[in-house]
$ cat start_9.cif   # mmCIF, C-alpha atoms
data_coords
#
loop_
_atom_site.label_atom_id
_atom_site.label_comp_id
_atom_site.auth_asym_id
_atom_site.auth_seq_id
_atom_site.Cartn_x
_atom_site.Cartn_y
_atom_site.Cartn_z
CA MET B 1371 0.00 0.00 0.00
CA THR B 1372 1.07 3.58 -0.51
CA VAL B 1373 1.11 5.75 2.59
CA ALA B 1374 0.96 9.46 1.75
CA LEU B 1375 1.60 11.53 4.83
CA PRO B 1376 -0.37 14.61 5.76
CA TYR B 1377 1.49 17.85 6.37
CA PRO B 1378 1.82 17.99 10.17
CA VAL B 1379 2.79 21.04 12.17
CA PRO B 1380 6.59 21.09 12.64
CA ARG B 1381 7.58 19.55 15.97
CA SER B 1382 10.77 21.51 16.49
CA PRO B 1383 12.47 24.78 15.56
CA ARG B 1384 14.87 25.05 12.63
CA ARG B 1385 17.97 22.95 13.14
CA SER B 1386 21.46 23.63 11.86
CA LEU B 1387 23.74 20.86 10.60
CA PRO B 1388 25.74 20.70 13.87
CA ALA B 1389 22.49 20.27 15.78
CA LEU B 1390 21.76 17.23 13.65
CA VAL B 1391 24.52 15.36 15.48
CA VAL B 1392 22.53 15.58 18.70
CA VAL B 1393 19.34 14.49 16.94
CA LEU B 1394 20.97 11.41 15.44
CA ALA B 1395 22.60 10.44 18.70
CA ALA B 1396 19.21 10.54 20.39
CA LEU B 1397 17.63 8.57 17.55
CA VAL B 1398 20.14 5.74 17.75
CA ALA B 1399 19.96 5.72 21.54
CA GLY B 1400 16.21 5.24 21.24
CA CYS B 1401 16.59 2.20 19.01
CA GLY B 1402 17.11 -0.14 21.92
CA ASN B 1403 15.03 -3.11 23.00
CA GLY B 1404 15.76 -5.68 20.42
CA PRO B 1405 19.23 -6.48 19.80
CA SER B 1406 24.71 -5.85 14.46
CA ALA B 1407 24.68 -4.65 11.20
CA SER B 1408 21.73 -4.71 8.84
CA PRO B 1409 22.22 -4.85 5.06
CA THR B 1410 21.82 -1.59 3.21
CA PRO B 1411 18.91 -1.26 0.79
CA ALA B 1412 19.45 -1.91 -2.87
CA SER B 1413 17.80 0.30 -5.43
CA PRO B 1414 17.16 -1.47 -8.71
CA VAL B 1415 14.21 0.50 -10.04
CA PRO B 1416 14.05 3.49 -12.40
CA VAL B 1417 14.24 6.81 -10.62
CA THR B 1418 12.00 9.84 -10.77
CA PRO B 1419 14.06 12.89 -9.73
CA GLY B 1420 12.70 14.86 -6.82
CA PRO B 1421 11.81 18.53 -6.94
CA SER B 1422 14.65 21.01 -7.01
CA ALA B 1423 13.17 23.64 -4.76
CA THR B 1424 11.89 23.96 -1.23
CA PRO B 1425 10.42 24.74 1.19
CA LEU B 1426 8.28 21.69 1.69
CA PRO B 1427 6.33 21.10 4.89
CA PRO B 1428 7.45 18.29 7.21
CA GLY B 1429 5.96 14.97 6.17
CA ALA B 1430 5.74 15.83 2.48
CA PHE B 1431 6.77 12.37 1.31
CA SER B 1432 5.30 8.93 0.73
CA LEU B 1433 6.40 5.36 1.44
CA ASP B 1434 5.13 1.95 0.34
CA LEU B 1435 4.73 -0.41 3.29
CA PRO B 1436 4.21 -4.18 3.01
CA ASP B 1437 1.14 -5.89 4.43
CA GLY B 1438 1.25 -6.11 8.20
CA TRP B 1439 3.22 -2.93 8.75
CA GLN B 1440 1.48 -0.24 10.77
CA VAL B 1441 1.94 3.53 10.78
CA VAL B 1442 1.92 5.03 14.26
CA PRO B 1443 1.02 8.69 14.88
CA VAL B 1444 4.10 10.52 16.09
CA ASP B 1445 2.09 12.60 18.54
CA GLY B 1446 -0.64 11.41 20.83
CA ASP B 1447 -1.30 8.55 23.20
CA HIS B 1448 0.21 5.19 22.28
CA GLU B 1449 -1.14 3.34 25.32
CA ALA B 1450 -4.03 1.69 23.50
CA LEU B 1451 -1.73 0.30 20.81
CA VAL B 1452 0.77 -0.98 23.37
CA ALA B 1453 -1.99 -2.54 25.48
CA GLU B 1454 -3.41 -4.38 22.47
CA LEU B 1455 -0.01 -5.76 21.47
CA ALA B 1456 0.67 -6.79 25.06
CA LYS B 1457 -2.17 -9.32 24.80
CA THR B 1458 -0.04 -11.25 22.33
CA ASN B 1459 3.50 -10.45 23.45
CA PRO B 1460 4.08 -8.23 26.52
CA GLU B 1461 7.82 -7.93 25.87
CA PHE B 1462 7.27 -6.82 22.28
CA ALA B 1463 4.72 -4.25 23.43
CA GLU B 1464 7.01 -2.94 26.15
CA SER B 1465 9.89 -2.56 23.70
CA LEU B 1466 7.76 -0.72 21.16
CA GLY B 1467 6.35 1.53 23.88
CA ALA B 1468 9.85 2.43 25.03
CA ARG B 1469 10.90 3.26 21.47
CA LEU B 1470 7.85 5.47 20.95
CA GLU B 1471 8.58 7.33 24.18
CA ASN B 1472 12.09 8.19 22.98
CA LEU B 1473 11.33 9.64 19.57
CA PRO B 1474 13.48 12.65 18.63
CA ASP B 1475 11.68 15.96 18.20
CA SER B 1476 12.42 15.90 14.47
CA ALA B 1477 10.60 12.59 13.89
CA THR B 1478 7.68 12.97 11.49
CA TYR B 1479 6.88 9.34 10.66
CA VAL B 1480 6.93 6.02 12.55
CA ALA B 1481 6.00 2.54 11.35
CA PHE B 1482 6.68 -1.00 12.52
CA ASP B 1483 6.11 -4.59 11.47
CA GLY B 1484 2.87 -5.34 13.26
CA SER B 1485 2.15 -8.63 11.54
CA ALA B 1486 0.97 -11.44 13.76
CA GLU B 1487 4.13 -13.42 13.01
CA ALA B 1488 6.45 -10.56 14.01
CA VAL B 1489 4.56 -9.76 17.20
CA GLU B 1490 4.38 -13.38 18.31
CA ALA B 1491 8.08 -13.92 17.59
CA GLY B 1492 9.04 -10.65 19.28
CA ASP B 1493 10.75 -9.27 16.18
CA LEU B 1494 10.49 -5.53 16.72
CA VAL B 1495 11.46 -3.86 13.45
CA THR B 1496 10.75 -0.15 13.20
CA LEU B 1497 11.12 2.69 10.74
CA ILE B 1498 11.51 6.26 11.96
CA VAL B 1499 11.81 9.16 9.52
CA THR B 1500 13.38 12.34 10.85
CA GLU B 1501 13.57 15.63 8.98
CA VAL B 1502 15.87 18.57 9.61
CA ASP B 1503 16.10 22.03 8.10
CA LEU B 1504 19.53 22.59 6.58
CA PRO B 1505 21.50 25.58 5.36
CA ALA B 1506 20.89 26.00 1.64
CA ASP B 1507 24.50 25.13 0.76
CA VAL B 1508 24.44 21.70 2.47
CA ASP B 1509 24.29 19.01 -0.20
CA LEU B 1510 23.67 15.27 0.05
CA THR B 1511 27.35 14.36 0.33
CA THR B 1512 27.98 16.81 3.18
CA PHE B 1513 24.84 15.65 4.97
CA ALA B 1514 25.79 11.99 4.58
CA GLU B 1515 29.37 12.51 5.75
CA THR B 1516 28.12 14.34 8.84
CA ILE B 1517 25.82 11.47 9.72
CA ARG B 1518 28.49 8.86 9.05
CA THR B 1519 30.90 10.70 11.36
CA GLN B 1520 28.32 10.68 14.13
CA ALA B 1521 27.53 7.00 13.57
CA GLU B 1522 31.23 6.11 13.73
CA MET B 1523 31.54 7.99 17.01
CA ASN B 1524 28.63 6.01 18.42
CA VAL B 1525 29.77 2.56 17.31
CA GLU B 1526 33.53 3.22 17.50
CA GLN B 1527 34.25 1.63 14.13
CA ASP B 1528 34.25 2.54 10.46
CA VAL B 1529 30.87 2.80 8.75
CA GLU B 1530 30.55 2.51 4.98
CA LEU B 1531 28.46 4.95 2.98
CA ARG B 1532 26.77 3.55 -0.13
CA ARG B 1533 25.32 5.70 -2.89
CA ILE B 1534 21.91 4.35 -3.90
CA LEU B 1535 18.81 5.40 -5.81
CA VAL B 1536 15.34 5.75 -4.35
CA THR B 1537 12.19 6.89 -6.09
CA ALA B 1538 12.84 10.48 -4.99
CA GLY B 1539 16.34 10.46 -6.50
CA GLU B 1540 19.93 9.93 -5.40
CA ALA B 1541 20.50 8.95 -1.76
CA TYR B 1542 23.04 7.35 0.55
CA SER B 1543 22.70 4.39 2.90
CA LEU B 1544 24.74 3.10 5.81
CA ALA B 1545 24.38 0.15 8.15
CA TYR B 1546 25.86 -0.59 11.54
CA ALA B 1547 25.24 -2.22 14.91
CA ALA B 1548 24.30 0.42 17.48
CA PRO B 1549 25.09 -0.43 21.11
CA PHE B 1550 22.65 0.35 23.89
CA THR B 1551 21.95 -0.62 27.50
CA ARG B 1552 18.86 -2.68 28.25
CA PRO B 1553 16.52 -1.66 31.08
CA ASP B 1554 18.08 -4.44 33.17
CA GLY B 1555 21.49 -2.82 32.73
CA GLN B 1556 22.84 -5.41 30.30
CA PRO B 1557 24.62 -4.29 27.11
CA ALA B 1558 23.06 -5.16 23.77
CA ALA B 1559 22.99 -4.01 20.16
CA VAL B 1560 20.43 -3.18 17.51
CA ALA B 1561 20.85 -3.50 13.73
CA VAL B 1562 20.46 -0.09 12.13
CA THR B 1563 20.12 0.82 8.46
CA GLN B 1564 19.80 4.50 7.58
CA VAL B 1565 18.86 6.02 4.23
CA LEU B 1566 19.72 9.69 3.65
CA TYR B 1567 18.15 12.08 1.17
CA VAL B 1568 18.47 15.85 0.71
CA LEU B 1569 16.47 18.58 -0.96
CA PRO B 1570 17.70 22.17 -0.86
CA GLY B 1571 17.20 23.23 2.74
CA ARG B 1572 15.86 19.87 3.99
CA GLY B 1573 17.47 16.59 5.05
CA TYR B 1574 15.67 13.27 5.49
CA VAL B 1575 16.91 10.31 7.53
CA LEU B 1576 15.08 6.97 7.29
CA THR B 1577 16.20 4.78 10.19
CA PHE B 1578 15.33 1.09 10.24
CA ALA B 1579 16.09 -0.75 13.48
CA GLY B 1580 15.65 -4.42 14.31
CA PRO B 1581 17.17 -7.52 15.90
CA PRO B 1582 20.59 -8.36 14.41
CA ASP B 1583 19.69 -12.03 14.06
CA ARG B 1584 16.82 -11.08 11.72
CA ALA B 1585 18.71 -8.50 9.67
CA ASN B 1586 19.13 -10.77 6.65
CA ASP B 1587 15.48 -11.85 6.79
CA TYR B 1588 14.34 -8.22 6.66
CA SER B 1589 16.86 -7.02 4.08
CA LYS B 1590 14.45 -7.15 1.12
CA VAL B 1591 11.66 -5.47 3.09
CA VAL B 1592 14.02 -2.69 4.16
CA ALA B 1593 15.26 -2.26 0.60
CA ASP B 1594 11.75 -2.16 -0.85
CA ILE B 1595 10.48 0.40 1.66
CA ALA B 1596 13.56 2.57 1.31
CA THR B 1597 13.45 2.48 -2.49
CA SER B 1598 9.81 3.59 -2.44
CA PHE B 1599 10.63 6.89 -0.70
CA ALA B 1600 9.19 9.69 -2.81
CA ILE B 1601 8.54 13.39 -2.33
CA ALA B 1602 4.81 14.16 -2.22
CA LEU B 1603 4.23 17.46 -3.99
#

$ encode --input "start_9.cif" --output "structure tokens"
Amino acid sequence: MTVALPYPVPRSPRRSLPALVVVLAALVAGCGNGPSASPTPASPVPVTPGPSATPLPPGAFSLDLPDGWQVVPVDGDHEALVAELAKTNPEFAESLGARLENLPDSATYVAFDGSAEAVEAGDLVTLIVTEVDLPADVDLTTFAETIRTQAEMNVEQDVELRRILVTAGEAYSLAYAAPFTRPDGQPAAVAVTQVLYVLPGRGYVLTFAGPPDRANDYSKVVADIATSFAIAL
């Protein structure tokens, strides 16, 4: 199905590129609950270039989600959703609830695999899209290098940037295992794949997070969703 987002009211003031470092650190820190690197999306389809001018309102994009995936409102009460999921798998529900509580201010879109199979197995796989206002002279390469630098600081190892194509146009992807501390104090990791896209004055970060032991199983789903990213005019 195609999910075209409405144009929500911006959740945060204009952010500079240095401020993005803080946003991304918070985003990765919030990926916990569900333990190493997830494959980056491929992009085999023809590309329709995105628009060359901004401004666009936050949320002015669309994504194709597979059956079973659910879009979650960024704002509002998530208790009913968590309570319903808890009937099937309390641990899955608790993990999703914790992730929803730790969304960065720049998040404009959240979705997760809510299929019966994923919930029963406890495979929490989420997608969070964050958007940041950028100086007009910041291009895709600068944006991507900034994010890679922050990711490498978090994981303390080299992270590879891959140039890919999505429906909106040229993008970059990177994948890594993000460490975090579980509520019980034990160290763990979560598989993260990020897809980066830039329009003049606006940067988009699609962050997929899931259990490392299911990264290969979800690689095609991640690639398909990421490739479908398009700007909604």

$ resolve_selection --input "start_9.cif" --expression "the PyMOL selection byres ((chain B and resi 1598) around 7)" --output "list in words"
Leu1433, Asp1434, Val1536, Thr1537, Asp1594, Ile1595, Ala1596, Thr1597, Phe1599 and Ala1600 of chain B

$ resolve_selection --input "start_9.cif" --expression "the PyMOL selection byres ((chain B and resi 1549) around 6)" --output "JSON, numbers by chain"
{"B": [1548, 1550, 1558, 1559]}

$ residues_around --input "start_9.cif" --residues "Asp1447 of chain B" --least-positions-apart "5" --cutoff "12 Å" --atoms "all atoms listed in the file" --output "list in words"
Val1442, Val1452, Ala1453, Gly1467, Leu1470 and Glu1471 of chain B

$ resolve_selection --input "start_9.cif" --expression "the PyMOL selection byres ((chain B and resi 1542) around 6)" --output "PDB file with C-alpha atoms, keeping the file's coordinate frame"
ATOM      1  CA  ARG B1532      26.770   3.550  -0.130  1.00  0.00           C
ATOM      2  CA  ARG B1533      25.320   5.700  -2.890  1.00  0.00           C
ATOM      3  CA  ILE B1534      21.910   4.350  -3.900  1.00  0.00           C
ATOM      4  CA  ALA B1541      20.500   8.950  -1.760  1.00  0.00           C
ATOM      5  CA  SER B1543      22.700   4.390   2.900  1.00  0.00           C
ATOM      6  CA  VAL B1565      18.860   6.020   4.230  1.00  0.00           C
ATOM      7  CA  LEU B1566      19.720   9.690   3.650  1.00  0.00           C
TER       8      LEU B1566
END

$ atom_distance --input "start_9.cif" --atom1 "atom CA of Gln1440 of chain B" --atom2 "atom CA of Leu1603 of chain B"
23.2 Å

$ atom_distance --input "start_9.cif" --atom1 "atom CA of Thr1563 of chain B" --atom2 "atom CA of Val1592 of chain B"
8.2 Å

$ residues_near_point --input "start_9.cif" --point "(25.2, 16.5, 5.2)" --cutoff "12 Å" --atoms "only C-alpha atoms" --output "ChimeraX atom specification"
/B:1386-1391,1502-1520,1541-1542,1566-1575

$ residues_near_point --input "start_9.cif" --point "(33.9, 0.6, 10.4)" --cutoff "12 Å" --atoms "only C-alpha atoms" --output "PyMOL selection string"
chain B and resi 1406-1407+1518-1519+1521-1531+1544-1548

$ atom_distance --input "start_9.cif" --atom1 "atom CA of Gly1539 of chain B" --atom2 "atom CA of Arg1584 of chain B"
28.2 Å

$ residues_around --input "start_9.cif" --residues "segment 1483-1490 of chain B" --least-positions-apart "3" --cutoff "7 Å" --atoms "all atoms listed in the file" --output "list in words"
Gly1438, Trp1439, Gln1440, Thr1458, Asn1459, Phe1462, Asp1493, Leu1494, Val1495 and Thr1496 of chain B

$ write_last_selection --input "start_9.cif" --atoms "C-alpha atoms" --output "CSV table (one decimal), in the frame of the given file"
chain,number,residue,atom,x,y,z
B,1438,GLY,CA,1.2,-6.1,8.2
B,1439,TRP,CA,3.2,-2.9,8.8
B,1440,GLN,CA,1.5,-0.2,10.8
B,1458,THR,CA,0.0,-11.2,22.3
B,1459,ASN,CA,3.5,-10.4,23.4
B,1462,PHE,CA,7.3,-6.8,22.3
B,1493,ASP,CA,10.8,-9.3,16.2
B,1494,LEU,CA,10.5,-5.5,16.7
B,1495,VAL,CA,11.5,-3.9,13.4
B,1496,THR,CA,10.8,-0.2,13.2

$ closest_residue --input "start_9.cif" --among "B:Ala1585, B:Val1441, B:Ile1601, B:Glu1461" --to "Ala1491 of chain B" --atoms "all atoms listed in the file"
B:Glu1461
